[in-house]
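Participant: My structure is stored as model_16.cif, with mmCIF, C-alpha atoms.
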data_coords
loop_
_atom_site.label_atom_id
_atom_site.label_comp_id
_atom_site.auth_asym_id
_atom_site.auth_seq_id
_atom_site.Cartn_x
_atom_site.Cartn_y
_atom_site.Cartn_z
CA MET N 11 22.07 14.79 -122.57
CA LYS N 12 24.53 16.80 -124.65
CA PHE N 13 22.68 20.01 -123.82
CA LYS N 14 22.86 19.26 -120.11
CA TYR N 15 26.62 18.78 -120.22
CA THR N 16 27.08 21.95 -122.28
CA LEU N 17 25.07 23.94 -119.78
CA LEU N 18 27.01 22.55 -116.83
CA SER N 19 30.36 23.23 -118.47
CA VAL N 20 29.36 26.85 -118.90
CA LEU N 21 27.95 27.19 -115.41
CA ILE N 22 31.07 25.69 -113.83
CA PHE N 23 33.02 28.49 -115.50
CA LEU N 24 30.46 31.21 -114.78
CA GLY N 25 30.33 30.57 -111.08
CA CYS N 26 34.11 30.19 -110.73
CA VAL N 27 33.20 26.55 -110.19
CA LEU N 28 30.72 27.14 -107.35
CA THR N 29 28.17 25.46 -109.56
CA GLY N 30 30.55 22.64 -110.25
CA VAL N 31 31.12 21.75 -106.62
CA LEU N 32 27.53 21.23 -105.61
CA TYR N 33 27.49 17.48 -105.80
CA VAL N 34 30.47 16.23 -107.76
CA PHE N 35 31.32 12.54 -107.66
CA SER N 36 33.10 10.16 -110.04
CA GLU N 37 33.18 6.38 -110.44
CA LYS N 38 35.97 6.19 -107.86
CA LYS N 39 34.20 8.46 -105.37
CA VAL N 40 30.56 7.40 -105.44
CA GLU N 41 30.52 6.87 -101.68
CA ALA N 42 32.24 10.17 -100.85
CA LYS N 43 30.29 12.40 -98.45
CA GLU N 44 32.64 15.37 -98.71
CA PHE N 45 35.15 16.70 -101.19
CA ASN N 46 37.46 19.65 -101.82
CA MET N 47 38.05 21.53 -105.04
CA LEU N 48 40.79 24.04 -105.81
CA VAL N 49 39.84 26.95 -108.05
CA MET N 50 42.76 28.74 -109.74
CA GLY N 51 42.39 32.08 -111.49
CA VAL N 52 45.59 32.37 -113.53
CA ASP N 53 47.21 35.26 -115.36
CA GLU N 54 48.90 33.75 -118.40
CA ARG N 55 50.67 35.88 -121.00
CA GLU N 56 52.75 35.07 -124.06
CA GLU N 57 56.22 33.78 -123.12
CA ASP N 58 55.19 33.79 -119.45
CA THR N 59 53.81 30.82 -117.51
CA GLY N 60 52.03 33.19 -115.16
CA ARG N 61 50.98 32.98 -111.54
CA SER N 62 47.74 32.06 -109.80
CA ASP N 63 46.13 35.43 -109.10
CA VAL N 64 43.19 33.74 -107.36
CA LEU N 65 43.34 30.57 -105.23
CA MET N 66 40.18 29.27 -103.60
CA VAL N 67 39.41 25.99 -101.86
CA VAL N 68 35.76 24.97 -102.04
CA HIS N 69 34.47 22.29 -99.66
CA PHE N 70 31.13 20.51 -100.11
CA ASN N 71 29.30 18.18 -97.76
CA SER N 72 26.70 16.11 -99.61
CA GLU N 73 24.85 15.16 -96.42
CA ASN N 74 23.86 18.69 -95.39
CA GLY N 75 24.15 20.24 -98.85
CA HIS N 76 26.34 23.02 -97.51
CA LEU N 77 29.19 24.62 -99.44
CA LYS N 78 32.11 26.54 -97.94
CA MET N 79 34.60 28.59 -99.92
CA MET N 80 38.00 29.63 -98.61
CA PRO N 81 40.16 32.09 -100.58
CA ILE N 82 43.88 31.67 -99.90
CA PRO N 83 45.82 34.97 -99.84
CA ARG N 84 48.30 34.85 -102.71
CA ASP N 85 51.13 36.19 -100.51
CA THR N 86 50.84 33.23 -98.13
CA ARG N 87 54.35 31.94 -97.29
CA VAL N 88 54.67 28.20 -97.96
CA LYS N 89 57.13 25.47 -98.83
CA ILE N 90 57.06 24.67 -102.55
CA LYS N 91 58.54 21.35 -103.62
CA GLY N 92 61.84 21.81 -105.45
CA GLN N 93 62.52 25.28 -104.05
CA ALA N 94 65.24 25.86 -101.47
CA GLU N 95 63.48 28.74 -99.72
CA MET N 96 59.86 29.27 -98.70
CA GLU N 97 57.96 31.42 -101.19
CA LYS N 98 54.55 32.92 -101.90
CA ILE N 99 51.95 30.29 -102.65
CA ASN N 100 51.01 31.82 -106.01
CA HIS N 101 54.55 31.09 -107.29
CA ALA N 102 53.79 27.36 -107.35
CA TYR N 103 51.96 27.70 -110.64
CA LYS N 104 54.98 29.42 -112.21
CA TYR N 105 57.24 26.52 -111.21
CA GLY N 106 55.00 23.55 -111.90
CA GLY N 107 51.56 24.52 -113.20
CA ILE N 108 48.37 22.90 -111.96
CA LYS N 109 49.96 19.81 -110.41
CA LEU N 110 52.49 21.67 -108.28
CA THR N 111 49.84 24.17 -107.21
CA VAL N 112 47.51 21.37 -106.08
CA ASP N 113 50.39 19.58 -104.31
CA THR N 114 51.44 22.81 -102.56
CA VAL N 115 47.92 23.56 -101.32
CA GLU N 116 47.50 19.97 -100.09
CA GLN N 117 50.78 20.17 -98.18
CA PHE N 118 49.98 23.63 -96.79
CA LEU N 119 46.56 22.63 -95.45
CA ASN N 120 47.35 18.94 -94.83
CA MET N 121 44.15 17.83 -96.55
CA PRO N 122 43.31 16.37 -99.96
CA ILE N 123 42.26 18.30 -103.05
CA ASP N 124 39.91 16.04 -105.03
CA TYR N 125 39.21 18.29 -108.00
CA TYR N 126 40.63 21.38 -109.64
CA VAL N 127 39.47 24.04 -112.08
CA LYS N 128 41.93 26.47 -113.66
CA VAL N 129 40.40 29.59 -115.21
CA ASN N 130 42.44 31.98 -117.33
CA MET N 131 41.64 35.54 -116.26
CA GLU N 132 41.19 36.59 -119.91
CA GLY N 133 38.41 34.04 -120.09
CA PHE N 134 36.84 35.54 -116.97
CA LYS N 135 36.57 38.89 -118.75
CA ALA N 136 35.19 37.25 -121.89
CA VAL N 137 32.43 35.47 -119.99
CA VAL N 138 31.34 38.59 -118.10
CA ASP N 139 31.09 40.47 -121.39
CA GLU N 140 29.26 37.61 -123.13
CA ILE N 141 26.48 37.56 -120.52
CA GLY N 142 26.10 41.33 -120.60
CA GLY N 143 28.01 42.21 -117.45
CA VAL N 144 27.19 41.81 -113.76
CA THR N 145 25.90 44.09 -111.01
CA VAL N 146 27.43 44.30 -107.52
CA ASP N 147 26.83 46.42 -104.42
CA ASN N 148 30.18 48.16 -103.84
CA PRO N 149 30.71 48.89 -100.09
CA PHE N 150 32.96 51.95 -100.58
CA PRO N 151 34.22 54.14 -103.46
CA PHE N 152 37.68 53.53 -104.91
CA THR N 153 39.76 53.92 -108.06
CA PHE N 154 41.80 51.10 -109.54
CA ALA N 155 43.35 50.39 -112.96
CA SER N 156 42.03 53.77 -114.20
CA TYR N 157 38.45 52.80 -113.30
CA LEU N 158 36.30 54.66 -110.78
CA PHE N 159 34.06 52.40 -108.68
CA PRO N 160 31.37 54.44 -106.88
CA GLN N 161 29.78 53.25 -103.67
CA GLY N 162 26.53 51.34 -104.07
CA GLU N 163 25.07 49.38 -106.97
CA THR N 164 27.59 49.21 -109.80
CA ASN N 165 27.44 47.59 -113.23
CA LEU N 166 30.64 45.88 -114.38
CA ASN N 167 31.81 44.72 -117.79
CA GLY N 168 34.63 42.18 -118.12
CA GLU N 169 37.55 44.61 -117.71
CA LYS N 170 35.95 46.42 -114.77
CA ALA N 171 34.92 43.16 -113.08
CA LEU N 172 38.51 41.94 -113.21
CA ALA N 173 39.78 45.22 -111.77
CA TYR N 174 37.07 45.09 -109.08
CA VAL N 175 38.17 41.67 -107.81
CA ARG N 176 41.89 42.46 -108.02
CA MET N 177 42.09 45.67 -105.98
CA ARG N 178 43.35 45.17 -102.42
CA HIS N 179 45.84 47.89 -101.40
CA GLU N 180 43.13 50.56 -101.11
CA ASP N 181 40.82 48.21 -99.23
CA PRO N 182 40.90 48.79 -95.45
CA LYS N 183 40.39 45.04 -95.00
CA GLY N 184 43.26 44.15 -97.35
CA ASP N 185 43.04 40.62 -98.75
CA ILE N 186 39.88 39.92 -96.71
CA GLY N 187 38.06 42.76 -98.45
CA ARG N 188 39.38 41.55 -101.80
CA ASN N 189 38.04 38.08 -101.08
CA GLU N 190 34.63 39.52 -100.21
CA ARG N 191 34.50 41.32 -103.56
CA GLN N 192 35.46 38.10 -105.33
CA LYS N 193 32.54 36.41 -103.60
CA GLN N 194 30.20 39.21 -104.76
CA VAL N 195 31.18 38.70 -108.39
CA VAL N 196 30.96 34.91 -108.10
CA GLU N 197 27.38 35.19 -106.81
CA ALA N 198 26.47 37.66 -109.55
CA LEU N 199 27.90 35.30 -112.19
CA LEU N 200 26.04 32.36 -110.70
CA ASP N 201 22.74 34.27 -110.71
CA LYS N 202 23.23 35.31 -114.33
CA GLY N 203 24.37 31.83 -115.36
CA MET N 204 21.28 30.18 -113.91
CA SER N 205 18.88 32.50 -115.71
CA MET N 206 17.06 31.19 -118.77
CA SER N 207 18.21 34.24 -120.74
CA THR N 208 21.75 32.82 -120.74
CA VAL N 209 20.71 29.80 -122.83
CA ALA N 210 20.91 31.89 -126.02
CA ASN N 211 24.59 32.58 -125.25
CA LEU N 212 25.51 28.92 -124.83
CA PRO N 213 27.45 28.42 -128.10
CA ASN N 214 29.75 31.39 -127.46
CA LEU N 215 30.07 30.58 -123.76
CA LEU N 216 31.03 26.99 -124.50
CA ASN N 217 33.75 28.17 -126.89
CA ILE N 218 35.11 30.45 -124.16
CA THR N 219 35.00 27.59 -121.68
CA LYS N 220 36.94 25.27 -123.99
CA GLN N 221 39.55 27.96 -124.63
CA TYR N 222 40.12 29.22 -121.11
CA VAL N 223 39.21 26.43 -118.65
CA ASP N 224 41.19 23.34 -117.60
CA THR N 225 39.57 20.91 -115.14
CA ASN N 226 39.55 17.26 -114.06
CA VAL N 227 35.75 17.36 -113.56
CA THR N 228 34.41 14.65 -115.88
CA ILE N 229 31.23 14.51 -117.96
CA LYS N 230 29.75 12.15 -115.35
CA ASP N 231 30.61 14.70 -112.65
CA ALA N 232 29.04 17.55 -114.60
CA LEU N 233 25.80 15.63 -115.15
CA ALA N 234 25.61 14.91 -111.43
CA VAL N 235 25.98 18.64 -110.82
CA TYR N 236 23.15 19.36 -113.22
CA ASN N 237 20.78 17.11 -111.29
CA VAL N 238 21.46 19.11 -108.13
CA MET N 239 21.31 22.44 -109.99
CA GLU N 240 17.69 21.76 -110.86
CA LYS N 241 16.84 22.01 -107.16
CA GLY N 242 17.94 25.65 -107.02
CA LYS N 243 20.89 27.89 -106.17
CA PRO N 244 23.10 26.63 -103.32
CA THR N 245 23.78 28.48 -100.10
CA PHE N 246 27.38 28.93 -99.10
CA GLU N 247 29.62 30.68 -96.63
CA THR N 248 33.17 31.96 -96.58
CA VAL N 249 35.99 30.75 -94.33
CA HIS N 250 38.79 33.26 -93.87
CA VAL N 251 42.46 32.34 -93.50
CA GLU N 252 43.69 34.28 -90.48
CA GLY N 253 47.33 35.34 -90.42
CA GLU N 254 49.64 38.33 -90.22
CA THR N 255 51.76 40.24 -92.72
CA GLN N 256 55.49 40.10 -92.19
CA ILE N 257 58.62 41.15 -94.09
CA VAL N 258 61.08 38.29 -94.61
CA ASP N 259 64.35 39.09 -96.38
CA GLY N 260 62.83 42.25 -97.83
CA THR N 261 59.65 40.58 -99.16
CA TRP N 262 56.11 40.93 -97.82
CA TYR N 263 54.47 37.63 -96.85
CA TYR N 264 51.23 36.50 -95.25
CA ILE N 265 52.17 34.18 -92.39
CA VAL N 266 49.71 31.46 -91.33
CA LYS N 267 50.53 29.55 -88.14
CA ASP N 268 50.12 25.77 -87.83
CA GLN N 269 47.41 26.24 -85.21
CA GLU N 270 45.40 28.30 -87.70
CA LYS N 271 45.72 25.58 -90.34
CA GLU N 272 44.10 23.11 -87.94
CA HIS N 273 41.39 25.67 -87.24
CA ILE N 274 40.76 25.99 -90.97
CA LYS N 275 40.25 22.24 -91.33
CA ALA N 276 37.83 22.28 -88.40
CA MET N 277 35.89 25.12 -90.04
CA LEU N 278 35.70 23.41 -93.43
CA TYR N 279 34.82 19.93 -92.19
CA GLY N 280 32.83 20.90 -89.10
CA ASP N 281 29.45 22.50 -88.50
CA THR N 282 30.74 25.63 -86.74
CA PRO N 283 29.64 28.75 -88.67
CA SER N 284 32.56 30.57 -90.27
CA GLU N 285 31.32 33.91 -88.95
CA GLU N 286 32.75 32.89 -85.59
CA HIS N 287 36.17 32.55 -87.16
#
Write out the structure in this file as structure tokens.

Facilitator:
Amino acid sequence: MKFKYTLLSVLIFLGCVLTGVLYVFSEKKVEAKEFNMLVMGVDEREEDTGRSDVLMVVHFNSENGHLKMMPIPRDTRVKIKGQAEMEKINHAYKYGGIKLTVDTVEQFLNMPIDYYVKVNMEGFKAVVDEIGGVTVDNPFPFTFASYLFPQGETNLNGEKALAYVRMRHEDPKGDIGRNERQKQVVEALLDKGMSMSTVANLPNLLNITKQYVDTNVTIKDALAVYNVMEKGKPTFETVHVEGETQIVDGTWYYIVKDQEKEHIKAMLYGDTPSEEH
């Protein structure tokens, strides 16, 4: 039993919580058919609260076993409780940590967030290094943070993996391309995390998890995830947040219209494939 929970704790971290959203339920939500989880990748430094560098809503429907992930562009302009002016959504963490970030996302999308997982980006690097790196298929060559990323199959250590998922200004697709690279790394982590070779790394991985991860997923939830994990890797798709960039008072924002927010909810809760979005 203890081993199962340890393994799930690690896998939740490794897959940026994709593993952890397969079939989560708690004593208060046993009858739930669907749920949403907010994944926060946060840059935290000494004497600095930090901002959420990665925000991703993951929706799971237990009836069809399908998982949808929706990255939220960090420049998205939203109303943050307690602030006089609208600001970028990633500022919510700076003002009020996990709770204010969850509240802001709920208000922005007008739908509940049932669970959260906050991952410190330093922990992300540590995990990638601990499992021996990951391999991705890079769609085009680029240079970022002093690293050269050639086109094609590329091996990434922790530092390079973080740079790979952060680059966006050189990507012709902007934030959409950045989100696609995040998905690549998530899948690579999930594949590596589910391999038997990772079991030998469990003690070190668990220490990293304890140090860098904060979540409201309980032991009961994690064990439920493990039972589903035994059936194999999940299939999932990405829902994109459509909007337009705009300068407001000298600051670049990503503007999402109310009509698009309703479309997003339909995509997450409905059966329409996200590729049509």

Participant: Using only C-alpha atoms, which residue out of N:Asn46, N:Tyr279, N:His273, N:Gln93 lies closest to Val112 (chain N)?

Facilitator: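 Going through N:Asn46, N:Tyr279, N:His273, N:Gln93 one by one, the smallest distance to Val112 (chain N) is for N:Asn46.
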
Participant: Nearest to Thr145 (chain N) among N:Gln256, N:Gln194, N:Thr86, N:Asn189, with distances taken over only C-alpha atoms: which residue is it?

Facilitator: N:Gln194

Participant: From the list N:Glu169, N:Glu163, N:Asp139, N:Asp185, which residue is nearest Leu199 (chain N) when using all atoms listed in the file?

Facilitator: N:Asp139

Participant: Which polymer residues have any atom within 12 Å of an atom of Asp181 (chain N), counting all atoms listed in the file, with same-chain residues fewer than 5 positions away left out, as a list in words?

Facilitator: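 Listing them by chain and then by number gives Asn148, Pro149, Phe150, Pro151, Phe152, Thr153, Phe154, Tyr174, Val175, Arg176, Ile186, Gly187, Arg188, Asn189, Glu190 and Arg191 of chain N.
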
Participant: Provide the CA of Asp53 (chain N) to CA of Glu132 (chain N) distance in Å, to one decimal place.

Facilitator: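 Straight-line distance from CA of Asp53 (chain N) to CA of Glu132 (chain N) works out to 7.7 Å.
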
Participant: Which polymer residues, protein or nucleic acid, are no farther than 10 Å from (38.5, 26.9, -100.3), counting all atoms listed in the file, as a PyMOL selection string?

Facilitator: chain N and resi 46-49+65-70+77-82+123+248-251+274+278

Participant: Enter the distance from CA of Ile108 (chain N) to CA of Arg178 (chain N), in Å, rounded to one decimal.

Facilitator: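 Those two atoms sit 24.7 Å apart.
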
Participant: Between CA of Val223 (chain N) and CA of Gly133 (chain N), what is the distance in Å, rounded to a tenth?

Facilitator: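 Separation between CA of Val223 (chain N) and CA of Gly133 (chain N): 7.8 Å.
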
Participant: Find the spatial neighbours of Glu140 (chain N), counting only C-alpha atoms, within a cut-off of 9 Å - ignore same-chain residues fewer than 2 positions away - and output them as a VMD selection string.

Facilitator: chain N and resid 135 to 138 142 to 143 168 211 214 to 215

Participant: Can you work out which one of N:Gly184, N:Asn217, N:Asp63, N:Ile141 has the shortest atom-to-atom distance to Gly253 (chain N), counting all atoms listed in the file?

Facilitator: N:Gly184

Participant: Can you work out which one of N:Phe134, N:Phe118, N:Phe45, N:Phe159 has the shortest atom-to-atom distance to Ala102 (chain N), counting all atoms listed in the file?

Facilitator: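 Result for the nearest residue to Ala102 (chain N): N:Phe118.
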
Participant: Would you write out, as a PyMOL selection string, every residue that the PyMOL selection byres ((chain N and resi 254) around 6) captures in this file?

Facilitator: chain N and resi 253+255+264-265

Participant: What residues come out when you apply the PyMOL selection byres ((chain N and resi 114) around 8) to this file, written as a ChimeraX atom specification?

Facilitator: /N:88-91,99,102,110-113,115-118

Participant: Give the answer as one residue: which of N:Lys275, N:Lys104, N:Tyr263, N:Pro182 has the shortest atom-to-atom distance to Pro122 (chain N), using all atoms listed in the file?

Facilitator: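 Among the listed residues, the smallest separation from Pro122 (chain N) belongs to N:Lys275.
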